[in-house]
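Have a look at work34.tsv; it's TSV, C-alpha atoms and all ligand atoms:
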```tsv
chain	number	residue	atom	x	y	z
A	256	MET	CA	0.00	0.00	0.00
A	257	SER	CA	1.70	3.12	-1.19
A	258	PHE	CA	1.97	6.19	1.00
A	259	ILE	CA	1.37	9.57	-0.62
A	260	ASN	CA	2.55	12.52	1.39
A	261	TYR	CA	1.24	15.79	0.01
A	262	ALA	CA	2.99	17.73	2.77
A	263	SER	CA	6.50	16.62	1.80
A	264	ARG	CA	5.47	15.80	-1.81
A	265	GLU	CA	6.61	12.21	-1.66
A	266	ILE	CA	5.28	8.91	-2.77
A	267	ASN	CA	6.52	5.65	-1.24
A	268	CYS	CA	5.93	2.19	-2.69
A	269	LYS	CA	6.85	-1.26	-1.42
A	270	ILE	CA	8.22	-3.99	-3.71
A	271	VAL	CA	8.73	-7.55	-2.44
A	272	TYR	CA	11.10	-10.07	-4.06
A	273	TYR	CA	9.71	-13.55	-3.48
A	274	GLY	CA	10.97	-17.00	-4.44
A	275	PRO	CA	12.49	-20.24	-3.18
A	276	GLY	CA	15.63	-20.32	-1.03
A	277	LEU	CA	18.87	-19.46	-2.86
A	278	CYS	CA	17.12	-18.38	-6.09
A	279	GLY	CA	18.94	-15.03	-6.03
A	280	LYS	CA	16.65	-12.52	-4.33
A	281	THR	CA	19.32	-11.02	-2.11
A	282	THR	CA	21.71	-10.98	-5.09
A	283	ASN	CA	19.18	-8.88	-7.05
A	284	LEU	CA	19.10	-6.26	-4.30
A	285	GLN	CA	22.86	-6.29	-3.89
A	286	TYR	CA	23.32	-5.58	-7.59
A	287	VAL	CA	20.80	-2.73	-7.53
A	288	TYR	CA	22.59	-1.34	-4.49
A	289	GLN	CA	26.02	-1.51	-6.16
A	290	LYS	CA	24.85	0.18	-9.34
A	291	THR	CA	22.81	2.98	-7.81
A	292	ALA	CA	24.32	6.41	-7.21
A	293	ALA	CA	24.97	7.20	-3.55
A	294	ASP	CA	22.45	10.03	-3.42
A	295	ALA	CA	19.66	7.81	-4.74
A	296	LYS	CA	19.90	5.01	-2.22
A	297	GLY	CA	19.80	4.47	1.50
A	298	LYS	CA	21.59	1.84	3.50
A	299	MET	CA	20.95	-1.77	2.54
A	300	ILE	CA	19.91	-3.75	5.58
A	301	SER	CA	20.23	-7.52	5.66
A	302	LEU	CA	18.85	-9.43	8.61
A	303	ALA	CA	20.73	-12.63	7.89
A	304	THR	CA	22.06	-15.69	9.69
A	305	GLU	CA	25.78	-16.20	10.17
A	306	THR	CA	25.86	-18.17	6.94
A	307	GLU	CA	24.30	-15.25	5.05
A	308	ARG	CA	20.92	-16.85	4.59
A	309	THR	CA	18.18	-14.25	4.86
A	310	LEU	CA	16.62	-14.58	8.31
A	311	PHE	CA	13.92	-11.95	8.27
A	312	PHE	CA	14.36	-9.63	5.30
A	313	ASP	CA	16.72	-7.53	3.21
A	314	PHE	CA	15.71	-3.92	2.79
A	315	LEU	CA	16.89	-1.39	0.23
A	316	PRO	CA	15.35	2.08	-0.06
A	317	LEU	CA	15.70	3.76	-3.46
A	318	SER	CA	14.81	7.28	-4.34
A	319	LEU	CA	14.52	7.42	-8.08
A	320	GLY	CA	13.67	10.99	-8.84
A	321	GLU	CA	10.58	13.05	-9.36
A	322	ILE	CA	7.37	12.52	-11.22
A	323	ARG	CA	5.15	15.57	-11.59
A	324	GLY	CA	6.87	17.23	-8.64
A	325	PHE	CA	6.61	14.23	-6.35
A	326	LYS	CA	9.72	12.45	-5.06
A	327	THR	CA	9.28	8.80	-5.93
A	328	ARG	CA	10.65	6.26	-3.48
A	329	PHE	CA	10.67	2.50	-3.75
A	330	HIS	CA	11.33	0.26	-0.78
A	331	LEU	CA	12.70	-3.10	-1.91
A	332	TYR	CA	12.29	-6.10	0.40
A	333	THR	CA	13.26	-9.76	0.02
A	334	VAL	CA	11.72	-12.61	1.98
A	335	PRO	CA	13.57	-15.54	3.51
A	336	GLY	CA	13.05	-18.39	1.05
A	337	GLN	CA	13.31	-21.41	3.27
A	338	VAL	CA	10.04	-23.19	3.89
A	339	PHE	CA	10.14	-22.90	7.67
A	340	TYR	CA	10.25	-19.09	7.61
A	341	ASP	CA	6.67	-18.83	6.42
A	342	ALA	CA	5.52	-16.65	9.33
A	343	SER	CA	8.16	-14.03	8.45
A	344	ARG	CA	7.21	-14.10	4.78
A	345	LYS	CA	3.61	-13.27	5.63
A	346	LEU	CA	4.69	-10.23	7.65
A	347	ILE	CA	6.84	-8.86	4.85
A	348	LEU	CA	3.97	-9.06	2.36
A	349	LYS	CA	1.92	-6.62	4.44
A	350	GLY	CA	1.31	-3.43	2.55
A	351	VAL	CA	2.97	-4.66	-0.64
A	352	ASP	CA	2.46	-2.65	-3.84
A	353	GLY	CA	4.19	-4.98	-6.29
A	354	VAL	CA	5.80	-8.42	-6.34
A	355	VAL	CA	8.78	-9.86	-8.22
A	356	PHE	CA	8.87	-13.64	-8.25
A	357	VAL	CA	12.46	-14.80	-8.72
A	358	ALA	CA	12.52	-18.34	-10.11
A	359	ASP	CA	15.62	-20.52	-10.00
A	360	SER	CA	15.96	-21.82	-13.57
A	361	GLN	CA	17.85	-24.96	-12.59
A	362	GLU	CA	16.05	-28.22	-13.28
A	363	GLU	CA	16.44	-29.51	-9.74
A	364	ARG	CA	14.73	-26.40	-8.37
A	365	TYR	CA	11.58	-26.92	-10.42
A	366	ASP	CA	9.46	-28.20	-7.52
A	367	ALA	CA	10.79	-25.50	-5.20
A	368	ASN	CA	9.69	-22.82	-7.69
A	369	ILE	CA	6.17	-24.22	-7.98
A	370	GLU	CA	5.87	-24.58	-4.22
A	371	SER	CA	7.08	-21.05	-3.58
A	372	LEU	CA	4.72	-19.56	-6.16
A	373	ASP	CA	1.79	-21.42	-4.56
A	374	ASN	CA	2.92	-20.17	-1.19
A	375	LEU	CA	3.03	-16.59	-2.50
A	376	ARG	CA	-0.51	-16.80	-3.81
A	377	PHE	CA	-1.74	-18.37	-0.58
A	378	ASN	CA	-0.03	-15.86	1.71
A	379	LEU	CA	-1.26	-12.91	-0.33
A	380	ASP	CA	-4.77	-14.28	-0.29
A	381	GLU	CA	-4.60	-14.56	3.49
A	382	GLN	CA	-3.85	-10.82	3.65
A	383	GLY	CA	-6.70	-10.00	1.32
A	384	TYR	CA	-4.64	-9.56	-1.86
A	385	ASP	CA	-5.20	-11.27	-5.18
A	386	LEU	CA	-1.93	-11.99	-7.00
A	387	ASP	CA	-3.70	-11.58	-10.34
A	388	LYS	CA	-4.64	-8.03	-9.45
A	389	LEU	CA	-1.27	-6.93	-8.08
A	390	PRO	CA	1.59	-5.53	-10.15
A	391	PHE	CA	3.50	-8.77	-10.68
A	392	ILE	CA	6.70	-9.66	-12.58
A	393	ILE	CA	8.50	-12.98	-12.98
A	394	GLN	CA	12.26	-13.28	-13.30
A	395	TYR	CA	13.91	-16.53	-14.47
A	396	ASN	CA	17.26	-16.29	-12.75
A	397	LYS	CA	20.59	-18.14	-13.08
A	398	ARG	CA	20.32	-18.42	-16.87
A	399	ASP	CA	24.13	-18.69	-16.96
A	400	LEU	CA	24.14	-22.19	-15.43
A	401	PRO	CA	24.37	-25.32	-17.62
A	402	ASN	CA	21.49	-27.26	-16.04
A	403	VAL	CA	18.70	-24.77	-16.65
A	404	MET	CA	15.25	-25.59	-17.98
A	405	PRO	CA	14.23	-24.21	-21.39
A	406	LEU	CA	12.55	-20.83	-21.11
A	407	ASP	CA	9.26	-21.89	-22.68
A	408	GLU	CA	8.86	-24.74	-20.20
A	409	LEU	CA	9.42	-22.44	-17.23
A	410	ARG	CA	7.02	-19.97	-18.75
A	411	LYS	CA	4.34	-22.56	-19.30
A	412	ASP	CA	4.38	-23.67	-15.66
A	413	LEU	CA	5.15	-20.47	-13.78
A	414	ASN	CA	3.66	-17.68	-15.87
A	415	LEU	CA	0.09	-18.88	-16.34
A	416	LYS	CA	-1.35	-15.38	-16.70
A	417	GLY	CA	1.29	-14.05	-19.03
A	418	VAL	CA	2.64	-11.28	-16.82
A	419	PRO	CA	5.82	-9.47	-17.95
A	420	ASP	CA	8.79	-11.80	-17.43
A	421	PHE	CA	12.57	-11.60	-17.81
A	422	GLU	CA	15.57	-13.88	-18.02
A	423	ALA	CA	18.33	-12.89	-15.64
A	424	CYS	CA	21.72	-13.60	-14.22
A	425	ALA	CA	21.58	-11.67	-10.98
A	426	ALA	CA	25.18	-12.59	-10.20
A	427	THR	CA	26.36	-10.44	-13.15
A	428	GLY	CA	23.38	-8.08	-13.07
A	429	GLU	CA	21.86	-9.12	-16.36
A	430	GLY	CA	18.10	-8.56	-16.27
A	431	VAL	CA	18.14	-7.08	-12.78
A	432	PHE	CA	17.24	-3.50	-13.67
A	433	GLU	CA	14.85	-4.60	-16.42
A	434	THR	CA	12.94	-6.51	-13.76
A	435	LEU	CA	12.93	-3.63	-11.29
A	436	LYS	CA	11.89	-1.10	-13.92
A	437	ALA	CA	9.05	-3.31	-15.07
A	438	VAL	CA	7.56	-3.75	-11.63
A	439	ALA	CA	8.00	-0.05	-10.78
A	440	LYS	CA	6.21	0.82	-13.97
A	441	LEU	CA	3.30	-1.50	-13.22
A	442	ILE	CA	2.97	0.02	-9.73
A	443	LEU	CA	2.87	3.56	-11.08
A	444	ILE	CA	0.35	2.58	-13.74
A	445	ASP	CA	-1.73	0.99	-10.97
A	446	LEU	CA	-1.61	4.20	-8.94
A	447	LYS	CA	-2.65	6.14	-11.96
A	448	LYS	CA	-5.65	3.88	-12.45
A	449	GLY	CA	-6.57	4.22	-8.79
A	450	SER	CA	-6.85	7.97	-8.98
B	107	MET	CA	-6.45	-3.39	-2.36
B	108	ALA	CA	-6.23	-4.90	1.10
B	109	SER	CA	-6.12	-1.62	2.97
B	110	PRO	CA	-6.83	1.92	1.90
B	111	GLN	CA	-4.03	4.11	0.70
B	112	LEU	CA	-2.30	6.17	3.36
B	113	VAL	CA	-2.21	9.83	2.43
B	114	MET	CA	-0.94	12.86	4.28
B	115	TYR	CA	-2.00	16.47	3.76
B	116	ASP	CA	-0.30	19.70	4.80
B	117	GLU	CA	-2.87	20.55	7.43
B	118	GLU	CA	-2.68	17.22	9.29
B	119	PHE	CA	1.09	17.06	8.85
B	120	LYS	CA	1.39	20.36	10.73
B	121	GLN	CA	-0.99	19.18	13.47
B	122	ILE	CA	0.95	15.95	13.88
B	123	ASN	CA	4.26	17.77	14.13
B	124	ILE	CA	2.89	20.09	16.79
B	125	VAL	CA	1.86	17.08	18.89
B	126	ILE	CA	5.16	15.21	18.58
B	127	ASP	CA	7.17	18.41	19.10
B	128	LYS	CA	5.32	18.93	22.35
B	129	LEU	CA	5.88	15.29	23.30
B	130	LEU	CA	9.59	15.69	22.58
B	131	ARG	CA	9.83	18.55	25.07
B	132	GLU	CA	7.50	17.19	27.74
B	133	ALA	CA	9.06	13.73	27.73
B	134	ASN	CA	12.61	15.09	27.56
B	135	ALA	CA	13.24	12.82	24.59
B	136	LYS	CA	16.07	13.00	22.04
B	137	VAL	CA	14.16	12.00	18.96
B	138	ILE	CA	10.61	11.04	18.06
B	139	PHE	CA	9.47	9.26	14.90
B	140	LEU	CA	6.10	8.38	13.50
B	141	VAL	CA	6.16	5.37	11.20
B	142	ASP	CA	3.48	3.71	9.13
B	143	LYS	CA	2.96	0.01	9.96
B	144	ASN	CA	4.32	-0.83	6.50
B	145	GLY	CA	7.66	0.77	7.34
B	146	GLN	CA	7.36	4.23	5.78
B	147	LEU	CA	8.52	7.19	7.80
B	148	ILE	CA	5.73	9.73	8.34
B	149	SER	CA	7.52	12.37	10.36
B	150	GLY	CA	10.32	12.90	12.85
B	151	VAL	CA	11.36	15.60	15.32
B	152	GLY	CA	14.42	16.21	17.51
B	153	GLU	CA	17.92	15.13	16.56
B	154	VAL	CA	16.73	13.43	13.37
B	155	GLU	CA	19.88	14.17	11.35
B	156	ARG	CA	21.88	11.89	13.61
B	157	PHE	CA	19.91	8.84	12.56
B	158	ASP	CA	19.28	6.84	9.40
B	159	THR	CA	15.56	7.50	9.54
B	160	THR	CA	14.60	5.30	6.58
B	161	SER	CA	16.29	2.23	8.07
B	162	LEU	CA	14.90	3.03	11.47
B	163	ALA	CA	11.38	3.17	10.07
B	164	SER	CA	11.69	-0.12	8.23
B	165	LEU	CA	13.20	-1.99	11.18
B	166	THR	CA	10.66	-0.55	13.62
B	167	ALA	CA	7.82	-1.75	11.43
B	168	GLY	CA	9.51	-5.16	11.10
B	169	ASN	CA	9.86	-5.27	14.86
B	170	ILE	CA	6.19	-4.44	15.43
B	171	ALA	CA	5.15	-6.95	12.79
B	172	ALA	CA	7.28	-9.70	14.35
B	173	THR	CA	6.05	-9.08	17.89
B	174	GLY	CA	2.51	-8.82	16.53
B	175	GLY	CA	3.01	-12.30	15.07
B	176	LEU	CA	4.25	-13.51	18.47
B	177	ALA	CA	1.23	-11.96	20.17
B	178	LYS	CA	-1.17	-13.82	17.91
B	179	LEU	CA	0.61	-17.10	18.62
B	180	ILE	CA	-0.04	-16.75	22.34
B	181	GLY	CA	-3.58	-15.50	21.86
B	182	GLU	CA	-3.03	-11.75	22.30
B	183	LYS	CA	-4.28	-9.22	19.76
B	184	GLU	CA	-1.02	-7.31	19.69
B	185	PHE	CA	1.58	-5.91	22.06
B	186	SER	CA	0.78	-2.23	21.94
B	187	ILE	CA	3.96	-1.12	23.72
B	188	LEU	CA	7.54	-2.29	23.27
B	189	PHE	CA	10.45	-1.08	25.32
B	190	HIS	CA	14.12	-1.61	24.47
B	191	GLU	CA	16.67	-0.65	27.07
B	192	GLY	CA	20.21	0.18	26.01
B	193	GLU	CA	23.30	1.26	27.89
B	194	LYS	CA	22.73	4.92	27.11
B	195	ASP	CA	19.66	5.21	24.93
B	196	ASN	CA	16.29	3.57	25.17
B	197	LEU	CA	13.48	3.06	22.70
B	198	HIS	CA	9.82	3.26	23.59
B	199	ILE	CA	7.68	1.99	20.74
B	200	SER	CA	3.90	2.10	20.75
B	201	ILE	CA	1.02	1.66	18.35
B	202	VAL	CA	-1.23	4.66	17.86
B	203	GLY	CA	-4.81	4.28	16.69
B	204	GLY	CA	-4.13	0.72	15.57
B	205	ARG	CA	-2.19	1.80	12.53
B	206	VAL	CA	0.72	4.14	13.17
B	207	ILE	CA	3.87	3.49	15.20
B	208	LEU	CA	5.25	6.09	17.60
B	209	VAL	CA	8.94	5.75	18.42
B	210	VAL	CA	10.47	7.73	21.30
B	211	LEU	CA	14.23	7.65	21.82
B	212	PHE	CA	15.40	8.90	25.22
B	213	ASP	CA	18.38	8.69	27.58
B	214	ASN	CA	18.84	9.13	31.32
B	215	ARG	CA	17.68	12.73	31.20
B	216	SER	CA	14.22	11.22	31.07
B	217	SER	CA	12.62	8.07	32.48
B	218	LEU	CA	10.37	5.27	31.32
B	219	GLY	CA	7.62	6.48	33.65
B	220	LEU	CA	7.65	10.00	32.27
B	221	VAL	CA	7.79	8.82	28.64
B	222	ARG	CA	4.94	6.39	29.20
B	223	LEU	CA	2.77	9.08	30.74
B	224	ARG	CA	3.40	11.66	28.02
B	225	VAL	CA	3.05	9.14	25.21
B	226	LYS	CA	-0.38	8.21	26.46
B	227	LYS	CA	-1.61	11.78	26.18
B	228	ALA	CA	0.01	12.38	22.80
B	229	SER	CA	-1.41	9.10	21.47
B	230	ASP	CA	-4.96	10.24	22.14
B	231	GLU	CA	-4.33	13.45	20.26
B	232	LEU	CA	-2.64	11.67	17.37
B	233	THR	CA	-5.46	9.13	17.12
B	234	ILE	CA	-7.96	11.93	16.59
B	235	ILE	CA	-5.80	13.50	13.87
B	236	PHE	CA	-5.26	10.18	12.04
B	237	ASP	CA	-8.97	9.30	12.25
B	238	GLY	CA	-9.76	12.66	10.68
B	239	LEU	CA	-7.12	12.07	8.03
B	240	MET	CA	-8.69	8.74	7.06
B	241	LYS	CA	-12.12	10.29	6.78
B	242	LYS	CA	-10.81	13.14	4.71
B	243	ALA	CA	-9.02	10.79	2.33
B	244	GLU	CA	-12.13	8.63	1.96
B	245	GLU	CA	-14.32	11.63	1.27
B	246	LYS	CA	-11.90	13.02	-1.27
B	247	GLU	CA	-11.83	9.68	-3.00
B	248	LYS	CA	-15.61	9.34	-3.04
B	249	SER	CA	-16.23	12.80	-4.40
B	250	GLY	CA	-13.40	12.41	-6.86
B	251	THR	CA	-11.78	15.66	-5.77
B	252	THR	CA	-8.35	14.20	-5.23
B	253	ASP	CA	-5.39	16.40	-6.02
B	254	PHE	CA	-3.52	13.26	-6.97
B	255	PRO	CA	-1.09	14.17	-9.73
B	256	PHE	CA	-0.60	10.64	-11.01
B	257	ALA	CA	-3.60	10.75	-13.29
B	258	GLU	CA	-1.40	12.63	-15.73
B	259	ILE	CA	1.60	10.31	-15.62
B	260	THR	CA	2.89	9.35	-19.02
B	261	ASP	CA	5.11	6.45	-20.05
B	262	ASP	CA	7.88	8.98	-20.60
B	263	ASP	CA	7.65	10.16	-16.99
B	264	ILE	CA	8.15	6.60	-15.80
B	265	ASP	CA	11.00	5.85	-18.20
B	266	ASN	CA	12.76	9.05	-17.15
B	267	LEU	CA	12.92	7.81	-13.57
B	268	PHE	CA	15.44	5.18	-14.58
B	269	SER	CA	17.50	7.13	-17.05
A	501	LIG	N1	25.37	-18.84	-11.23
A	501	LIG	C1	24.56	-17.96	-10.66
A	501	LIG	N2	24.51	-17.87	-9.32
A	501	LIG	C2	23.67	-16.98	-8.77
A	501	LIG	C3	22.85	-16.13	-9.55
A	501	LIG	N3	22.13	-15.35	-8.72
A	501	LIG	C4	22.47	-15.69	-7.46
A	501	LIG	N4	23.41	-16.68	-7.48
A	501	LIG	C5	24.04	-17.33	-6.33
A	501	LIG	O1	23.07	-18.11	-5.64
A	501	LIG	C6	23.32	-18.09	-4.24
A	501	LIG	C7	22.10	-17.67	-3.47
A	501	LIG	O2	21.77	-16.32	-3.77
A	501	LIG	P1	20.94	-15.39	-2.78
A	501	LIG	O3	20.77	-14.07	-3.46
A	501	LIG	O4	21.53	-15.38	-1.42
A	501	LIG	O5	19.55	-16.18	-2.73
A	501	LIG	P2	18.23	-15.84	-1.90
A	501	LIG	O6	18.09	-16.94	-0.91
A	501	LIG	O7	17.13	-15.88	-2.92
A	501	LIG	O8	18.37	-14.49	-1.29
A	501	LIG	C8	24.51	-17.16	-4.02
A	501	LIG	O9	25.66	-17.95	-3.89
A	501	LIG	C9	24.54	-16.34	-5.29
A	501	LIG	O10	25.84	-15.92	-5.61
A	501	LIG	C10	22.93	-16.25	-10.99
A	501	LIG	O11	22.27	-15.56	-11.75
A	501	LIG	N5	23.80	-17.19	-11.48
A	502	MG	MG	18.21	-13.95	0.70
```
Before we go any further, please render this structure as structure tokens.
Ligand SMILES: Nc1nc2c(ncn2[C@@H]2O[C@H](COP(=O)(O)OP(=O)(O)O)[C@@H](O)[C@H]2O)c(=O)[nH]1
Ligand SMILES: [Mg+2]
Amino acid sequence: MSFINYASREINCKIVYYGPGLCGKTTNLQYVYQKTAADAKGKMISLATETERTLFFDFLPLSLGEIRGFKTRFHLYTVPGQVFYDASRKLILKGVDGVVFVADSQEERYDANIESLDNLRFNLDEQGYDLDKLPFIIQYNKRDLPNVMPLDELRKDLNLKGVPDFEACAATGEGVFETLKAVAKLILIDLKKGS
Amino acid sequence: MASPQLVMYDEEFKQINIVIDKLLREANAKVIFLVDKNGQLISGVGEVERFDTTSLASLTAGNIAATGGLAKLIGEKEFSILFHEGEKDNLHISIVGGRVILVVLFDNRSSLGLVRLRVKKASDELTIIFDGLMKKAEEKEKSGTTDFPFAEITDDDIDNLFS
């Protein structure tokens, strides 16, 4: 749920990166952080375990510039992917304006992708959101690896509604900004419709 | 959408700042923040430059969300007050009007008892302002008289954000 502040002329939106454990959500945020000018970003916060697995969330605030005299801010969050962190995932989805589902393209992660996508739909539903009505983007990550599934197969099983989707290699940054831009754009279009 | 859009107008923003400014003085606090439950900073007074306010807002909201989850697990609705005691500085965090989070940072020039007392009074005042704000936003939406500038957004505007 975006926050529009007419007093300070700001608009704040929340984007959540969702997906199975180790699919590359944190890597997406790290790349965005590295490539964003210092004055356009805040501190990146990672609440992680000692082995760098996301424990609660990663958080990256971006301030992209102005639209029609309003400062436009996006708050990027990732969820912990492991199955047993479901309670935390639900909390992070509160007030979400747009979702990026990061799929792990590797064959052996096929089931994990399907499970995580089901879990996303279920958790959103519990909070009163319908995934089909939210700004939603899919990213097929780790395209650089040898054991990946063909794109059209992933598409057929993960992108049933034909939302905008992108191939990516978050480790090198390929597709990372395309994904972010696409979801930001959908959110702004959504706001425009809402007015 | 699951919950209505949070909006803030000049008039209410000023009223809110008057209340938390007063709280800052009366509670002898160092800094006071108001944060939306989704982690967006609404306003701050006191020594705000010394802190990373965006991070503070996000972590406060995460904290409230996590303890709210704990509360539900043990059959409570929510914990409406959290208190974190540090060596020098302390945080008093409370939920105002069910939706906004009030964060008071204070040191040994104040006390938990004083902060608690003053927060209670300020919370009542803030609740009234936020209730009014909700009504106003709803009415504006119903009558279609929103001064929302996004109706005129073009694709170019959006593309320019990333250039
Ligand atoms: N080969 C390859 N590795 C990646 C890619 N994206 C992320 N990784 C690696 O996958 C691992 C898990 O990434 P992480 O971002 O922590 O996953 P998260 O659990 O979704 O946050 C790390 O070792 C990353 O370096 C990618 O596009 N290609
Ligand atoms: Mg992670």
For ligand MG 502 (chain A), return the neighbouring residues as a list in words (distance at most 6 Å; all atoms listed in the file).
Lys280, Thr281, Arg308, Thr309 and Pro335 of chain A
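Contacts from chain B to chain A at a cut-off of 6 Å (all atoms listed in the file) map to Ala108, Gln111, Leu112, Val113, Met114, Tyr115, Asp116, Asn144, Phe256, Ala257 and Leu267 of chain B.
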Keeping only C-alpha atoms, write the selected residues to a file as a PDB file, keeping the file's coordinate frame.
```pdb
ATOM      1  CA  ALA B 108      -6.230  -4.900   1.100  1.00  0.00           C
ATOM      2  CA  GLN B 111      -4.030   4.110   0.700  1.00  0.00           C
ATOM      3  CA  LEU B 112      -2.300   6.170   3.360  1.00  0.00           C
ATOM      4  CA  VAL B 113      -2.210   9.830   2.430  1.00  0.00           C
ATOM      5  CA  MET B 114      -0.940  12.860   4.280  1.00  0.00           C
ATOM      6  CA  TYR B 115      -2.000  16.470   3.760  1.00  0.00           C
ATOM      7  CA  ASP B 116      -0.300  19.700   4.800  1.00  0.00           C
ATOM      8  CA  ASN B 144       4.320  -0.830   6.500  1.00  0.00           C
ATOM      9  CA  PHE B 256      -0.600  10.640 -11.010  1.00  0.00           C
ATOM     10  CA  ALA B 257      -3.600  10.750 -13.290  1.00  0.00           C
ATOM     11  CA  LEU B 267      12.920   7.810 -13.570  1.00  0.00           C
TER      12      LEU B 267
END
```
Within 9 Å of ligand LIG 501 (chain A), counting all atoms listed in the file, which protein or nucleic acid residues do you find, written as a ChimeraX atom specification?
/A:272-285,307-309,313,333-337,357-359,395-400,423-429
Residues near Asp127 (chain B), anyone? I mean within 9 Å using only C-alpha atoms, not counting same-chain ones fewer than 2 positions away, as a PyMOL selection string.
chain B and resi 122-125+129-132+138+150-152
What does the structure give for the distance between CA of Asn196 (chain B) and CA of Asp142 (chain B), in Å to one decimal?
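Distance between the two atoms: 20.5 Å.
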Pick from A:Ser371, A:Thr291, A:Thr434, A:Ser360: nearest to Asn402 (chain A), with only C-alpha atoms counted?
A:Ser360
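Atom pair CA of Arg215 (chain B) / CA of Asn134 (chain B): separated by 6.7 Å.
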CA of Ala167 (chain B) and CA of Val141 (chain B), how far apart in Å?
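Pair CA of Val141 (chain B) / CA of Ala167 (chain B) returns 7.3 Å.
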Contact residues around region 230-243 of chain B with all atoms listed in the file at 7 Å, ignoring same-chain residues under 3 positions, as a ChimeraX atom specification
/B:113,118,122,202-203,226-227,246-247
Write out, as a Markdown table, each residue of region 188-234 of chain B that has an atom at most 12 Å from region 154-162 of chain B, together with the closest pair of atoms and their distance in Å to one decimal, counting all atoms listed in the file, rows going by chain and rising number.
```
| residue | atom | partner | partner_atom | distance |
| --- | --- | --- | --- | --- |
| B:Leu197 | CA | B:Leu162 | CA | 11.3 |
| B:Ile199 | CA | B:Leu162 | CA | 11.8 |
| B:Ile207 | CA | B:Leu162 | CA | 11.7 |
| B:Leu208 | CA | B:Leu162 | CA | 11.8 |
| B:Val209 | CA | B:Leu162 | CA | 9.6 |
| B:Val210 | CA | B:Val154 | CA | 11.6 |
| B:Leu211 | CA | B:Val154 | CA | 10.5 |
```
